[in-house]
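Novice: After the structure tokens below, expect a handful of questions from me.
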There are 2 protein chains.
Amino acid sequence: MAGVSAATVSRVFTNGPVSADLKNKVEAAVKATGYRPNLSARRLRSQHSSTIGLIVSDIRNPFFTTLSRAVEDAAYRADMRVVLCNTDENPAREAMYLRLMQEERITGLIYAPTRTMADKLGAMAFDFPIVLVDRAGPSGSQDVVGIDNAEAAGLLVDHLVAQGHRHIVGLFGNTSSTAIERHDGHAAAMARHGLATDACFLPPMAEAAEAELTRRLAAGEPPDAVMVSNGQMLLGLYRGVRRAGLETPRDIAIAGFDNEIWTELVESGLTVIEQPVAEIGRAAMDLLFERLRTPEMATRKVALAGRLVVRGSSGARGTAREAGPQADLGR
Amino acid sequence: MAGVSAATVSRVFTNGPVSADLKNKVEAAVKATGYRPNLSARRLRSQHSSTIGLIVSDIRNPFFTTLSRAVEDAAYRADMRVVLCNTDENPAREAMYLRLMQEERITGLIYAPTRTMADKLGAMAFDFPIVLVDRAGPSGSQDVVGIDNAEAAGLLVDHLVAQGHRHIVGLFGNTSSTAIERHDGHAAAMARHGLATDACFLPPMAEAAEAELTRRLAAGEPPDAVMVSNGQMLLGLYRGVRRAGLETPRDIAIAGFDNEIWTELVESGLTVIEQPVAEIGRAAMDLLFERLRTPEMATRKVALAGRLVVRGSSGARGTAREAGPQADLGR
DNA sequence: CTGAAAGCGCTTACAG
DNA sequence: CTGAAAGCGCTTACAG
């Protein structure tokens, strides 16, 4: 319709060398017809998909929500699409989505694997690079971006001990390497303080954490403090405390990971480790692009710092709620 | 490698008619080579993309987070992918993503447009059906799924009036048709009660709502109650109330839309309209599939019911916090 | 049931 | 700068 060859139209759309004259003709025809190039055809022919895969356990978890937004923004800036998958911590779904990624011929993958899959990843062959986020595989086997989990858990323990707590129970998720690292950090810090460790692994869900707290309260004396390894479990823990009619930190101190919005709004606030989630997403994309440029580069582990946010819930036992530090509403 | 034609391999992958013998050979070869079909090629040749587009303003808004999860689950069940886009309420980004959707040759689109784009949609031609969610275009021009916004806003007003409030300020977003409908419902209900209307439109963000409340408090007497049109604004409103050192409902009553997790955890809870978000997502997918089956079907508007969740924040003025209904932690 | 052949809509050497 | 031709990896009538 523009009276030019398909090759010329293609050059107009890919900013190839075209005379101004023909370019105008093509653009006029494009406007008139509403023509849009077919991305499937382009991908097939050009052999690059300009697509980033993102596999997380559940987009409704605020950590992954924020992460996905950061990944999408970075992809948008690089003129790439992202295909997002939720696995619900189900290894079978993960395997399925990994296959899908191969069928999509994605450029690269950002992935928060379960422990089960993380262990198998090394034995699989993929045609694209993978950067793990939040959760690592066997040491050194994959690029990873996250925080220093053991250190962060230690910060929490140190803080609770400084507030006078001695019996500090740790509840940790049972599906991710991250929860193990946090457990180990908890155990190491307790040992450093000469305190006995009391911890267990649970499904990383609110219900499980609430049930475990309830069980322990029914069994006897409440511990001085309880800390948990993610935002979902912190929610369950908080609900359990309230349902038991206890008050923090008067009757029990609590703390956990993930500075979710509600943690600062509730009573005098909940003490948490804040992760630089958006930065983790950006760093993962950066690392992915670097890996694409330099495939032979040695495997990297990027650990950003977690930040301890002290609020009322972790104060000394016997302290009234009002005596805790005020929730910080000013950020 | 299996000693068969490409056509036969294709038939194995698409469950076409193949003898058990050849099927086994192909499957053995697939296992040995790790072969995966190329989706771009398949889409190009078969002329269907099996892809659903989803365009929302910001995935970090819990409404859209939950919506996207419901859409993805439904897509997964239908063996389709979804491509997700965030527009930040920016019409230029919306236009860009609509172009992308055409280039992807998506099967259908689920879309929460700004008012600006919703008005233009009728004049544009797309090769795929569109179902709007949460926000409608000009009446009858597009399929829509959402709640009855005017009715829901009326529920909130009726409830506040029943609690003895008279001067009920309404703060509404200024980018969506939804906020307009909620405004109109507010105005109509106030009129029904013989009360003067006091409302304004703001950017649908926490900061804007907080600033507006602060401005009004500085200007004179606080109103009896303030209601807002979404979760972000409710957050800003709540922060503003706390920052002003006020207590709900003693000094001021507040209420709003979206039953976000923190609204039930805060003090004695915030009164809200709960939207059946996951159901909205499923209904939108159902409507999309129906439209694909019956393109000539008359345009539909599906309105699900919003549910009034009464909590402490909307009680009578002068009531102490503790006198409000207890927050419901039991769901 | 099976294979040879055509063709989806692009991009990319290649020649001019 | 421009076009004719080949080909990316599939699927799908068509014949057998």
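For the structure tokens, the naming scheme is as follows: chains receive sequential letters (A, B, ...) according to their order of presentation, residues are indexed from 1 within each chain, and ligands are indexed from 1 in presentation order.
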Could you give me, as a PyMOL selection string, the residues within 12 Å of DG16 (chain D), counting only C-alpha atoms (C1' of nucleotides) and dropping anything in the same chain fewer than 4 positions from it?
Specialist: chain C and resi 1-4
Novice: Counting only C-alpha atoms (C1' of nucleotides), collect the residues of chain D whose closest atom lies at most 9 Å from chain B, and write them out as number ranges by chain.
Specialist: D: 8-12
Novice: Taking only C-alpha atoms into account, which residues of chain A are within 8 Å of chain B, as number ranges by chain?
Specialist: A: 36-41, 43-44, 59-60, 62, 65-66, 69, 81-84, 99, 102-105, 239, 243, 261-262, 265-267, 329
Novice: Report the residues of region 10-204 of chain A whose backbone DSSP state falls under strand (DSSP E or B), written as a count of residues only.
Specialist: 36
Novice: Could you jot down the CA of Leu109 (chain A) to CA of Leu288 (chain B) separation for me, Å, one decimal place?
Specialist: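 Calculated distance between CA of Leu109 (chain A) and CA of Leu288 (chain B) is 29.8 Å.
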Novice: As number ranges by chain, please: the residues near Val131 (chain B) (cut-off 8 Å, only C-alpha atoms (C1' of nucleotides), same-chain neighbours under 6 positions excluded).
Specialist: B: 109-111, 142-145, 284, 287-288
Novice: Go ahead and write the residues just picked, C-alpha atoms, as a tab-separated table (two decimals), in the first residue's frame.
Specialist:
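Saved to selection22.tsv:
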```tsv
chain	number	residue	atom	x	y	z
B	109	LEU	CA	-7.81	-7.98	27.22
B	110	ILE	CA	-8.79	-7.28	30.80
B	111	TYR	CA	-8.31	-3.63	31.47
B	142	GLN	CA	-17.87	-1.93	26.65
B	143	ASP	CA	-18.24	-5.06	28.72
B	144	VAL	CA	-17.55	-4.26	32.38
B	145	VAL	CA	-17.25	-6.16	35.63
B	284	ALA	CA	-14.13	-10.81	33.91
B	287	LEU	CA	-17.20	-12.68	30.30
B	288	LEU	CA	-14.15	-12.47	28.04
```
Novice: Just give me the gap between CA of Thr197 (chain B) and CA of Ile252 (chain B) in Å, one decimal is fine.
Specialist: 17.3 Å
Novice: Residues at most 12 Å from Lys25 (chain B), counting only C-alpha atoms (C1' of nucleotides), excluding those fewer than 3 positions away in the same chain, as a list in words?
Specialist: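 Listing them by chain and then by number gives Met1, Ala2, Gly3, Val4, Ser5, Thr8, Val9, Val12, Val18, Ser19, Ala20, Asp21, Leu22, Ala28, Ala29, Val30, Lys31 and Ala32 of chain B.
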Novice: Write the residues you've just listed into a file as a compact mmCIF listing (two decimals), in the first residue's frame, and include N, CA and C atoms for each of them.
Specialist:
```txt
# COMPACT_ATOMS: atom_id res chain seq x y z
N MET B 1 15.60 -37.18 14.27
CA MET B 1 16.23 -38.07 15.23
C MET B 1 15.30 -39.22 15.63
N ALA B 2 14.02 -38.95 15.68
CA ALA B 2 13.07 -40.02 15.95
C ALA B 2 12.75 -40.77 14.66
N GLY B 3 13.28 -40.30 13.55
CA GLY B 3 13.00 -40.92 12.27
C GLY B 3 11.57 -40.70 11.79
N VAL B 4 10.98 -39.58 12.17
CA VAL B 4 9.62 -39.26 11.72
C VAL B 4 9.61 -37.84 11.16
N SER B 5 8.51 -37.47 10.55
CA SER B 5 8.42 -36.13 9.98
C SER B 5 8.11 -35.10 11.06
N THR B 8 4.58 -35.20 12.27
CA THR B 8 4.26 -36.20 13.30
C THR B 8 4.64 -35.70 14.69
N VAL B 9 5.81 -35.08 14.79
CA VAL B 9 6.20 -34.51 16.08
C VAL B 9 5.15 -33.50 16.53
N VAL B 12 2.17 -35.18 17.90
CA VAL B 12 2.37 -35.70 19.26
C VAL B 12 2.14 -34.58 20.28
N VAL B 18 -1.80 -40.04 16.13
CA VAL B 18 -0.49 -40.66 15.89
C VAL B 18 -0.55 -42.09 16.43
N SER B 19 0.08 -42.98 15.76
CA SER B 19 0.11 -44.36 16.25
C SER B 19 0.98 -44.43 17.51
N ALA B 20 0.63 -45.37 18.35
CA ALA B 20 1.34 -45.51 19.62
C ALA B 20 2.83 -45.72 19.37
N ASP B 21 3.13 -46.43 18.31
CA ASP B 21 4.51 -46.74 17.96
C ASP B 21 5.32 -45.46 17.73
N LEU B 22 4.86 -44.65 16.80
CA LEU B 22 5.58 -43.41 16.49
C LEU B 22 5.59 -42.48 17.70
N ALA B 28 10.58 -40.60 23.17
CA ALA B 28 11.94 -40.98 23.57
C ALA B 28 12.93 -39.91 23.09
N ALA B 29 12.77 -39.48 21.85
CA ALA B 29 13.68 -38.47 21.30
C ALA B 29 13.55 -37.15 22.05
N VAL B 30 12.32 -36.80 22.40
CA VAL B 30 12.09 -35.57 23.15
C VAL B 30 12.83 -35.63 24.48
N LYS B 31 12.69 -36.76 25.15
CA LYS B 31 13.35 -36.92 26.43
C LYS B 31 14.87 -36.82 26.27
N ALA B 32 15.37 -37.46 25.23
CA ALA B 32 16.82 -37.50 25.02
C ALA B 32 17.39 -36.12 24.69
```
Novice: Using only C-alpha atoms (C1' of nucleotides), determine which residues lie at most 9 Å from Gly164 (chain B), disregarding the query and same-chain residues fewer than 4 positions distant; provide the list as a PDB file with N, CA and C atoms, in the first residue's frame.
Specialist:
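Result written to around-v3.pdb:
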```
ATOM      1  N   HIS B 159     -24.897   4.117  56.744  1.00  0.00           N
ATOM      2  CA  HIS B 159     -24.337   3.626  57.999  1.00  0.00           C
ATOM      3  C   HIS B 159     -23.825   4.783  58.856  1.00  0.00           C
ATOM      4  N   LEU B 160     -23.095   5.697  58.248  1.00  0.00           N
ATOM      5  CA  LEU B 160     -22.544   6.821  59.010  1.00  0.00           C
ATOM      6  C   LEU B 160     -23.662   7.696  59.573  1.00  0.00           C
ATOM      7  N   ASP B 224     -17.826  15.582  61.029  1.00  0.00           N
ATOM      8  CA  ASP B 224     -18.202  14.403  61.816  1.00  0.00           C
ATOM      9  C   ASP B 224     -17.475  13.166  61.302  1.00  0.00           C
ATOM     10  N   GLY B 315     -18.037   4.542  64.429  1.00  0.00           N
ATOM     11  CA  GLY B 315     -18.995   4.684  65.521  1.00  0.00           C
ATOM     12  C   GLY B 315     -19.418   6.125  65.775  1.00  0.00           C
ATOM     13  N   ALA B 316     -20.257   6.304  66.784  1.00  0.00           N
ATOM     14  CA  ALA B 316     -20.759   7.640  67.108  1.00  0.00           C
ATOM     15  C   ALA B 316     -19.633   8.527  67.633  1.00  0.00           C
ATOM     16  N   ARG B 317     -19.698   9.816  67.353  1.00  0.00           N
ATOM     17  CA  ARG B 317     -18.734  10.769  67.897  1.00  0.00           C
ATOM     18  C   ARG B 317     -18.794  10.758  69.412  1.00  0.00           C
TER      19      ARG B 317
END
```
